[in-house]
>>> print(open('my_file08.txt').read())   # compact mmCIF, C-alpha atoms and all ligand atoms
# COMPACT_ATOMS: atom_id res chain seq x y z
CA MET A 1 3.74 -107.94 -21.00
CA PHE A 2 5.33 -107.30 -24.38
CA ILE A 3 8.65 -105.52 -24.39
CA ASN A 4 10.08 -106.51 -27.73
CA ILE A 5 10.39 -102.96 -28.89
CA ALA A 6 11.68 -100.33 -26.56
CA PHE A 7 13.50 -97.16 -27.17
CA LEU A 8 16.70 -96.33 -25.42
CA ALA A 9 16.35 -92.77 -24.33
CA VAL A 10 19.72 -91.33 -23.55
CA SER A 11 20.49 -87.76 -22.73
CA LEU A 12 23.35 -86.50 -24.84
CA THR A 13 25.39 -85.92 -21.72
CA ALA A 14 24.78 -87.58 -18.40
CA ARG A 15 25.73 -84.69 -16.13
CA ALA A 16 23.09 -85.38 -13.53
CA GLU A 17 21.25 -88.43 -12.37
CA LEU A 18 17.74 -88.67 -13.81
CA LEU A 19 14.95 -89.71 -11.52
CA PHE A 20 13.13 -92.83 -12.65
CA GLN A 21 9.79 -94.38 -12.07
CA ARG A 22 8.73 -97.70 -13.58
CA GLY A 23 5.46 -99.53 -13.37
CA SER A 24 2.93 -101.42 -15.44
CA VAL A 25 -0.15 -100.14 -17.21
CA MET A 26 -2.32 -101.22 -20.17
CA SER A 27 -0.72 -104.71 -20.26
CA THR A 28 2.73 -103.22 -20.72
CA TYR A 29 5.35 -101.26 -18.80
CA TYR A 30 5.81 -97.54 -18.35
CA MET A 31 8.86 -95.55 -17.45
CA ILE A 32 9.14 -91.88 -16.53
CA LYS A 33 12.43 -89.99 -16.20
CA ILE A 34 12.53 -86.50 -14.74
CA GLU A 35 15.72 -84.52 -14.56
CA ASP A 36 15.12 -82.75 -11.30
CA ASN A 37 14.40 -84.37 -7.93
CA ARG A 38 12.29 -81.42 -6.79
CA TYR A 39 9.54 -82.99 -8.89
CA SER A 40 9.63 -86.49 -7.48
CA TYR A 41 6.29 -85.88 -5.75
CA LEU A 42 4.69 -85.96 -9.22
CA PHE A 43 5.37 -89.69 -9.55
CA ASP A 44 2.35 -90.51 -7.39
CA ASP A 45 0.11 -88.25 -9.47
CA ILE A 46 1.39 -89.93 -12.65
CA ALA A 47 0.71 -93.43 -11.31
CA ARG A 48 -2.82 -92.34 -10.37
CA GLU A 49 -3.42 -90.74 -13.76
CA LEU A 50 -2.28 -93.87 -15.61
CA LYS A 51 -4.56 -96.07 -13.48
CA ARG A 52 -7.45 -93.70 -14.20
CA LEU A 53 -6.88 -93.88 -17.95
CA GLU A 54 -6.53 -97.65 -17.88
CA GLY A 55 -9.85 -97.81 -16.02
CA LYS A 56 -11.48 -95.72 -18.72
CA PHE A 57 -10.09 -97.16 -21.96
CA SER A 58 -9.60 -100.82 -21.09
CA ASP A 59 -11.83 -103.28 -22.91
CA TYR A 60 -10.83 -106.05 -20.49
CA SER A 61 -12.48 -104.51 -17.45
CA GLU A 62 -16.28 -104.60 -17.48
CA ASP A 63 -16.37 -101.44 -15.33
CA SER A 64 -14.57 -99.18 -17.80
CA GLU A 65 -16.28 -96.39 -19.69
CA LEU A 66 -15.25 -98.12 -22.93
CA SER A 67 -16.97 -101.38 -21.90
CA TYR A 68 -20.11 -99.44 -21.04
CA LEU A 69 -20.03 -97.80 -24.48
CA ASN A 70 -19.38 -101.16 -26.18
CA ASN A 71 -22.23 -102.83 -24.32
CA TYR A 72 -24.88 -100.18 -24.90
CA GLY A 73 -23.69 -97.99 -27.81
CA GLY A 74 -25.55 -100.17 -30.32
CA GLU A 75 -28.88 -99.20 -28.84
CA SER A 76 -28.95 -95.40 -28.90
CA PHE A 77 -26.63 -92.39 -28.62
CA LEU A 78 -24.76 -92.70 -25.32
CA LYS A 79 -23.36 -89.68 -23.57
CA VAL A 80 -19.60 -90.11 -23.04
CA SER A 81 -16.89 -88.11 -21.26
CA ASP A 82 -15.11 -85.30 -23.17
CA GLU A 83 -12.00 -87.42 -23.05
CA MET A 84 -13.64 -90.51 -24.58
CA PHE A 85 -15.24 -88.39 -27.29
CA SER A 86 -11.97 -86.73 -28.21
CA VAL A 87 -9.98 -90.01 -28.36
CA VAL A 88 -12.67 -91.71 -30.49
CA ARG A 89 -12.80 -88.66 -32.79
CA ASP A 90 -9.01 -88.79 -33.20
CA ALA A 91 -9.22 -92.53 -33.96
CA ILE A 92 -11.89 -91.88 -36.60
CA ASN A 93 -9.79 -89.14 -38.18
CA ILE A 94 -6.80 -91.48 -38.52
CA ALA A 95 -9.15 -94.16 -39.89
CA ARG A 96 -10.47 -91.77 -42.53
CA GLU A 97 -7.06 -90.39 -43.51
CA SER A 98 -5.50 -93.85 -43.74
CA GLY A 99 -8.27 -95.11 -46.03
CA GLY A 100 -9.51 -97.46 -43.31
CA CYS A 101 -6.11 -99.11 -42.70
CA PHE A 102 -6.44 -97.91 -39.12
CA ASP A 103 -9.80 -99.05 -37.84
CA PRO A 104 -10.91 -98.84 -34.19
CA THR A 105 -13.66 -101.43 -34.82
CA VAL A 106 -11.23 -104.37 -35.30
CA GLY A 107 -11.98 -105.71 -31.77
CA PRO A 108 -14.26 -108.59 -32.86
CA LEU A 109 -11.58 -109.69 -35.34
CA MET A 110 -8.92 -109.59 -32.60
CA GLU A 111 -11.22 -111.87 -30.62
CA LEU A 112 -11.93 -114.18 -33.55
CA TRP A 113 -8.22 -114.69 -34.19
CA GLY A 114 -7.58 -115.27 -30.49
CA PHE A 115 -5.41 -112.21 -29.78
CA LYS A 116 -7.56 -111.21 -26.81
CA GLU A 117 -6.67 -114.52 -25.16
CA SER A 118 -3.14 -114.77 -26.58
CA LYS A 119 -4.00 -118.07 -28.25
CA LEU A 120 -4.27 -118.34 -32.02
CA PHE A 121 -7.60 -119.78 -33.22
CA LEU A 122 -6.92 -119.72 -37.00
CA PRO A 123 -10.51 -118.98 -38.08
CA LYS A 124 -11.84 -120.06 -41.48
CA GLU A 125 -12.07 -117.52 -44.31
CA ARG A 126 -15.87 -117.70 -44.11
CA GLU A 127 -15.87 -116.88 -40.38
CA VAL A 128 -13.55 -113.93 -40.98
CA GLN A 129 -15.82 -112.60 -43.75
CA GLU A 130 -18.87 -112.93 -41.55
CA VAL A 131 -17.36 -110.85 -38.73
CA LEU A 132 -15.73 -108.37 -41.12
CA SER A 133 -18.99 -107.62 -42.95
CA CYS A 134 -20.51 -105.96 -39.83
CA LEU A 135 -17.46 -103.87 -38.90
CA GLY A 136 -15.88 -100.66 -40.16
CA TRP A 137 -15.18 -97.27 -38.60
CA GLU A 138 -18.02 -95.66 -40.61
CA ASN A 139 -20.39 -97.50 -38.25
CA ILE A 140 -19.34 -95.25 -35.37
CA ASP A 141 -21.64 -92.25 -35.30
CA ILE A 142 -20.22 -89.15 -33.56
CA SER A 143 -22.55 -86.64 -35.20
CA VAL A 144 -24.02 -85.64 -31.83
CA ASN A 145 -21.57 -83.77 -29.62
CA ASN A 146 -20.16 -85.85 -26.73
CA ALA A 147 -22.34 -88.81 -27.60
CA ILE A 148 -21.55 -91.98 -29.54
CA ARG A 149 -23.76 -94.56 -31.22
CA PHE A 150 -22.95 -97.69 -33.21
CA LYS A 151 -24.95 -98.18 -36.37
CA ASN A 152 -25.27 -101.91 -35.67
CA ASN A 153 -24.88 -103.81 -32.43
CA LYS A 154 -21.99 -106.00 -33.66
CA VAL A 155 -19.75 -102.91 -33.65
CA SER A 156 -17.51 -102.07 -30.72
CA ILE A 157 -14.44 -99.91 -30.18
CA ASP A 158 -10.88 -101.18 -29.55
CA LEU A 159 -8.48 -98.37 -28.68
CA GLY A 160 -5.40 -100.65 -28.44
CA GLY A 161 -3.83 -98.85 -31.41
CA ILE A 162 -3.83 -95.38 -29.79
CA ALA A 163 -4.57 -95.58 -26.06
CA LYS A 164 -0.90 -95.73 -25.08
CA GLY A 165 -0.25 -92.60 -27.10
CA TYR A 166 -3.11 -90.76 -25.46
CA ALA A 167 -1.88 -91.81 -22.01
CA ILE A 168 1.60 -90.49 -22.82
CA ASP A 169 0.15 -87.12 -23.89
CA SER A 170 -1.84 -86.93 -20.64
CA VAL A 171 1.27 -87.59 -18.52
CA VAL A 172 3.19 -84.95 -20.49
CA ASP A 173 0.41 -82.41 -19.78
CA LEU A 174 0.63 -83.28 -16.11
CA LEU A 175 4.42 -82.82 -16.08
CA ARG A 176 4.21 -79.52 -17.96
CA SER A 177 1.60 -78.07 -15.63
CA GLY A 178 3.71 -79.19 -12.68
CA GLY A 179 6.58 -77.09 -14.05
CA VAL A 180 8.82 -79.92 -15.33
CA LYS A 181 11.07 -78.80 -18.18
CA ASN A 182 12.90 -81.98 -19.14
CA ALA A 183 11.54 -85.50 -19.02
CA ILE A 184 11.04 -88.74 -20.90
CA VAL A 185 7.68 -90.50 -20.78
CA GLU A 186 7.59 -94.02 -22.17
CA ILE A 187 4.76 -96.56 -22.33
CA GLY A 188 5.47 -99.91 -23.95
CA GLY A 189 8.14 -98.53 -26.26
CA ASP A 190 6.24 -95.39 -27.33
CA ILE A 191 7.84 -92.28 -25.99
CA TYR A 192 7.61 -88.51 -25.55
CA CYS A 193 10.74 -86.38 -25.13
CA LEU A 194 9.92 -83.26 -23.13
CA GLY A 195 12.30 -80.33 -23.33
CA THR A 196 15.83 -80.21 -24.51
CA GLY A 197 17.52 -82.75 -22.25
CA LEU A 198 20.06 -81.89 -19.62
CA ASP A 199 22.54 -80.13 -21.85
CA GLY A 200 19.95 -78.31 -23.91
CA ASP A 201 20.65 -80.16 -27.15
CA GLY A 202 17.63 -82.45 -27.20
CA TRP A 203 17.23 -86.16 -26.61
CA ARG A 204 18.71 -88.99 -28.58
CA ILE A 205 16.32 -91.88 -29.18
CA GLY A 206 17.46 -95.29 -30.39
CA VAL A 207 15.42 -97.17 -33.03
CA GLN A 208 15.61 -100.90 -32.45
CA ASP A 209 16.74 -103.45 -34.98
CA PRO A 210 13.42 -105.16 -35.87
CA LYS A 211 15.00 -108.60 -35.73
CA LYS A 212 17.47 -108.04 -32.90
CA PRO A 213 15.66 -106.03 -30.23
CA GLU A 214 18.82 -105.64 -28.18
CA SER A 215 20.56 -103.59 -30.86
CA VAL A 216 19.90 -100.10 -32.11
CA ILE A 217 20.10 -99.42 -35.85
CA ALA A 218 19.41 -95.70 -35.96
CA ARG A 219 19.25 -92.67 -33.72
CA ILE A 220 16.85 -89.76 -33.79
CA ASP A 221 17.69 -86.42 -32.18
CA ILE A 222 14.54 -84.67 -31.01
CA LYS A 223 12.97 -82.39 -28.43
CA ASP A 224 9.31 -81.92 -27.55
CA PHE A 225 8.25 -84.74 -29.86
CA ALA A 226 6.70 -88.18 -29.60
CA VAL A 227 8.09 -91.33 -31.19
CA ALA A 228 6.13 -94.57 -31.64
CA THR A 229 6.95 -97.83 -33.38
CA SER A 230 4.73 -100.62 -34.64
CA GLY A 231 5.90 -103.73 -36.36
CA ASN A 232 5.05 -107.05 -37.83
CA TYR A 233 7.52 -108.81 -35.65
CA GLU A 234 6.77 -107.08 -32.42
CA ARG A 235 3.67 -108.66 -30.93
CA PHE A 236 2.50 -111.79 -32.65
CA LEU A 237 1.33 -115.35 -32.15
CA ASP A 238 3.21 -118.29 -33.59
CA TYR A 239 1.59 -121.21 -35.41
CA LYS A 240 3.87 -123.96 -36.74
CA GLY A 241 6.62 -121.46 -37.26
CA GLU A 242 4.38 -118.91 -39.00
CA ARG A 243 3.99 -115.50 -37.37
CA PHE A 244 0.63 -113.82 -37.05
CA SER A 245 0.87 -110.12 -36.24
CA HIS A 246 -1.51 -108.60 -33.70
CA ILE A 247 -2.19 -105.82 -36.19
CA ILE A 248 -5.19 -106.72 -38.36
CA ASP A 249 -5.58 -105.56 -41.94
CA PRO A 250 -9.17 -104.26 -41.79
CA ARG A 251 -9.53 -104.68 -45.56
CA SER A 252 -9.09 -108.47 -45.41
CA GLY A 253 -9.76 -109.28 -41.74
CA PHE A 254 -6.42 -111.15 -41.63
CA PRO A 255 -3.33 -110.31 -39.59
CA VAL A 256 -1.14 -107.96 -41.58
CA LYS A 257 1.52 -109.65 -43.69
CA GLY A 258 3.14 -106.81 -45.52
CA ASP A 259 6.58 -105.84 -46.68
CA VAL A 260 7.20 -103.66 -43.64
CA LEU A 261 9.18 -104.92 -40.63
CA SER A 262 8.64 -101.79 -38.58
CA VAL A 263 7.45 -98.21 -38.86
CA THR A 264 8.62 -95.51 -36.46
CA VAL A 265 6.56 -92.32 -36.44
CA VAL A 266 7.57 -88.92 -35.05
CA ALA A 267 4.74 -86.47 -34.27
CA SER A 268 4.07 -83.62 -31.87
CA ARG A 269 1.37 -85.67 -30.11
CA ALA A 270 1.95 -89.26 -28.99
CA ILE A 271 -1.61 -90.21 -29.93
CA ASP A 272 -0.83 -89.39 -33.58
CA ALA A 273 2.54 -91.17 -33.47
CA ASP A 274 0.93 -94.30 -31.98
CA GLY A 275 -2.11 -94.38 -34.26
CA TRP A 276 -0.16 -93.66 -37.42
CA ALA A 277 2.53 -96.26 -36.64
CA THR A 278 -0.24 -98.88 -36.60
CA ALA A 279 -1.92 -97.42 -39.70
CA LEU A 280 1.31 -97.33 -41.72
CA VAL A 281 2.20 -100.96 -40.99
CA VAL A 282 -1.14 -101.88 -42.60
CA MET A 283 -0.73 -99.44 -45.50
CA GLY A 284 2.65 -100.92 -46.36
CA PHE A 285 5.69 -99.26 -47.86
CA ASP A 286 4.36 -97.69 -51.08
CA LYS A 287 1.07 -96.25 -49.90
CA GLY A 288 2.43 -95.48 -46.45
CA ARG A 289 5.37 -93.48 -47.76
CA LYS A 290 3.11 -91.33 -49.95
CA SER A 291 0.74 -90.75 -47.07
CA VAL A 292 3.57 -89.60 -44.76
CA GLU A 293 4.96 -87.18 -47.35
CA SER A 294 1.51 -85.68 -47.93
CA GLN A 295 0.98 -84.86 -44.24
CA ASP A 296 2.63 -82.05 -42.29
CA ASN A 297 2.06 -83.49 -38.82
CA ILE A 298 3.93 -86.80 -39.08
CA GLU A 299 7.39 -88.00 -40.11
CA ALA A 300 8.38 -91.65 -40.34
CA ILE A 301 11.10 -94.27 -40.72
CA PHE A 302 10.12 -97.48 -42.56
CA ILE A 303 12.29 -100.57 -42.18
CA SER A 304 11.77 -103.44 -44.60
CA GLN A 305 13.77 -106.51 -45.56
CA GLY A 306 15.97 -105.84 -48.59
CA GLU A 307 17.95 -108.42 -50.58
CA GLU A 308 21.01 -107.75 -48.50
CA GLY A 309 20.13 -106.38 -45.10
CA TYR A 310 17.44 -103.83 -44.36
CA ASP A 311 15.99 -101.15 -46.56
CA ILE A 312 15.51 -98.03 -44.47
CA TRP A 313 13.40 -95.14 -45.73
CA ILE A 314 13.35 -91.83 -43.85
CA SER A 315 10.79 -89.12 -44.65
CA SER A 316 12.11 -85.79 -45.92
CA GLY A 317 11.29 -83.83 -42.76
CA LEU A 318 13.26 -86.23 -40.57
CA ILE A 319 16.32 -86.93 -42.66
CA ASP A 320 18.62 -84.42 -40.95
CA LYS A 321 17.60 -85.65 -37.50
CA VAL A 322 18.37 -89.32 -38.03
CA GLU A 323 21.70 -91.09 -37.95
CA VAL A 324 21.71 -94.64 -39.35
CA LEU A 325 24.31 -96.74 -37.53
P1 LIG B 1 1.78 -102.04 -29.85
O1 LIG B 1 0.82 -102.17 -28.72
O2 LIG B 1 2.60 -103.23 -30.06
O3 LIG B 1 2.55 -100.76 -29.88
P2 LIG B 1 0.03 -100.98 -31.88
O4 LIG B 1 0.12 -99.61 -31.37
O5 LIG B 1 0.37 -101.20 -33.31
O6 LIG B 1 0.89 -102.03 -31.12
O7 LIG B 1 -1.47 -101.45 -31.61
C1 LIG B 1 -1.92 -102.74 -31.84
C2 LIG B 1 -3.27 -102.89 -31.22
O8 LIG B 1 -4.20 -102.07 -31.94
C3 LIG B 1 -3.84 -104.30 -31.30
O9 LIG B 1 -3.52 -105.02 -30.14
C4 LIG B 1 -5.33 -104.04 -31.44
O10 LIG B 1 -5.90 -103.80 -30.17
C5 LIG B 1 -5.40 -102.76 -32.22
N1 LIG B 1 -5.40 -102.94 -33.69
C6 LIG B 1 -5.02 -104.03 -34.43
N2 LIG B 1 -5.14 -103.78 -35.75
C7 LIG B 1 -5.59 -102.50 -35.86
C8 LIG B 1 -5.93 -101.67 -36.96
N3 LIG B 1 -5.80 -102.06 -38.23
N4 LIG B 1 -6.38 -100.41 -36.68
C9 LIG B 1 -6.52 -99.98 -35.40
N5 LIG B 1 -6.22 -100.71 -34.32
C10 LIG B 1 -5.76 -101.96 -34.54
MG MG B 2 -0.23 -97.86 -32.42
>>> encode(input="my_file08.txt", output="C-alpha cells")
Amino acid sequence: MFINIAFLAVSLTARAELLFQRGSVMSTYYMIKIEDNRYSYLFDDIARELKRLEGKFSDYSEDSELSYLNNYGGESFLKVSDEMFSVVRDAINIARESGGCFDPTVGPLMELWGFKESKLFLPKEREVQEVLSCLGWENIDISVNNAIRFKNNKVSIDLGGIAKGYAIDSVVDLLRSGGVKNAIVEIGGDIYCLGTGLDGDGWRIGVQDPKKPESVIARIDIKDFAVATSGNYERFLDYKGERFSHIIDPRSGFPVKGDVLSVTVVASRAIDADGWATALVVMGFDKGRKSVESQDNIEAIFISQGEEGYDIWISSGLIDKVEVL
C-alpha cells in the first residue's frame, strides 16, 4: 500500500458529521465521505463496485478481463466489454495527445525494472532497448468497435496510470444516481469532490508538500471536480540511495528523472485527472505547461525544485482557485 500522497479533504465548515467508509482496492486505500446518513446503505454498493472494477482491470489476477485481453489480444481481435473498450480508448487518446508520454503498453518495462515485484532489477541498456522496441500505444488496434487486438504479441495493456481515476468516476456515478448531493471519493490520493460541501461553498483540497507528505503547501477550492497527483517522489524503489520512479518514460524505457517533483491535475473526470497527472510528470515542466494551457479540459499545478525552495506553477484557469500557503 502506498500512501505517500493523500489529499486532505476538508469541508469549509464542519457543521455536521460526515459519514466515512475506508477500505482497500487496487493495491491502495479508498475513502468515501457522504454528508447525509440516509445514504449509508450505499457503502455496500460502493464496496461491491470497487471489487468488480478491480476484478476487471487488475493485471495481477489471471481471471480479470484485462489478463484475458493481454493473454489472447495478440492473436486476433478480441471482443471486450463496453467498459474495457471505453477505458482503453481514453488511455489511447491521452497517449496520442501527450505525444506518447502516457503509454498504456509500458507493462513489460514495469516488469523488466522490477516494479511489478517491488524489487529493483536495474536492467542493462540493451535489455531495455529490446523490450522497448516492441512496445508503443500505436500497437493497440481499436479500429473494430468493442474489440481490441495487439499488433504484436509482446504488447499488453497496463492501466495502472488511469484505473484509479476510472474507478472514482464510477463511484461518483453511483452516488449521483443514488441521490447523493455532497460527497468526497478518494482512491490512493486521487479524489473527486461532489457537490458544494456542507455550507454550499465547495470543498477545500490540500496539495501535499512533495518532500514532506505530512504538510500541505497549497489549497484548491473546488466543486464537482476531480484532483489527481503524480510525482517522482511518490512511489519509487531505492537503489544505493538513488530513487527510481514507478513512472516510466516511454521514450527511453527508463524511470522518469525529470525536473518535476509533482503534478496535480484538476479535471471534470477523474480518469482525465489521473491519466494526465502521469503524462505530465513524463512530459516535464516546459512541454507539460504548454500542453496544459492548450487544453480546455485540464488545469494543473506543477511543483519543481527551485534554487531556494519550490517553484510552483499554476495554470491560468486555476489561479483564482488556489491559495499557496
Ligand atoms: P499513482 O498510482 O502513484 O497515483 P500514477 O497514476 O502516476 O501513480 O500511475 C503510475 C502507474 O502507471 C505505474 O504503476 C504503471 O502501472 C503505469 N505507468 C508507468 N509509467 C507510465 C506511463 N508513462 N504511461 C502510462 N502508464 C504508466
Ligand atoms: Mg495517473
>>> closest_residue(input="my_file08.txt", among="A:Asp169, A:Asp59, A:Glu65, A:Asp286", to="ligand LIG 1 (chain B)", atoms="all atoms listed in the file")
A:Asp59
>>> closest_residue(input="my_file08.txt", among="A:Phe77, A:Phe254, A:Phe244, A:Trp313", to="Glu293 in chain A", atoms="all atoms listed in the file")
A:Trp313
>>> residues_near_ligand(input="my_file08.txt", ligand="ligand LIG 1 (chain B)", cutoff="9 Å", atoms="all atoms listed in the file", output="NGL selection string")
:A and (2-5 or 27-28 or 91 or 95 or 100-107 or 109-110 or 115-116 or 158-165 or 187-190 or 228-232 or 234-236 or 245-251 or 253 or 255-256 or 274-279 or 281-282)
>>> atom_distance(input="my_file08.txt", atom1="CA of Val322 in chain A", atom2="CA of Gly206 in chain A")
9.7 Å
>>> closest_residue(input="my_file08.txt", among="A:Ile222, A:Ile157, A:Cys134, A:Leu280", to="Leu261 in chain A", atoms="all atoms listed in the file")
A:Leu280
>>> atom_distance(input="my_file08.txt", atom1="CA of Asn297 in chain A", atom2="CA of Gly317 in chain A")
10.0 Å
>>> atom_distance(input="my_file08.txt", atom1="CA of Asp311 in chain A", atom2="atom MG of ligand MG 2 (chain B)")
21.8 Å
>>> closest_residue(input="my_file08.txt", among="A:Met283, A:Ile298, A:Val80, A:Val171", to="Leu318 in chain A", atoms="only C-alpha atoms")
A:Ile298
>>> closest_residue(input="my_file08.txt", among="A:Ser67, A:Lys321, A:Thr264, A:Asn145", to="Gly202 in chain A", atoms="all atoms listed in the file")
A:Lys321
>>> axis_aligned_box(input="my_file08.txt", around="range 286-290 of chain A", padding_each_side="5 Å", output="JSON")
{"center_x": 3.2, "center_y": -94.5, "center_z": -48.8, "size_x": 14.3, "size_y": 16.4, "size_z": 14.6}
>>> closest_residue(input="my_file08.txt", among="A:Ser304, A:Gln129, A:Asn70, A:Ser262", to="ligand MG 2 (chain B)", atoms="all atoms listed in the file")
A:Ser262
>>> residues_around(input="my_file08.txt", residues="range 176-178 of chain A", least_positions_apart="6", cutoff="12 Å", atoms="all atoms listed in the file", output="list of chain:residue names")
A:Ile34, A:Arg38, A:Tyr39, A:Ser40, A:Tyr41, A:Leu42, A:Phe43, A:Asp45, A:Ile46, A:Asp169, A:Ser170, A:Ile184, A:Val185, A:Cys193, A:Leu194, A:Gly195, A:Asp224
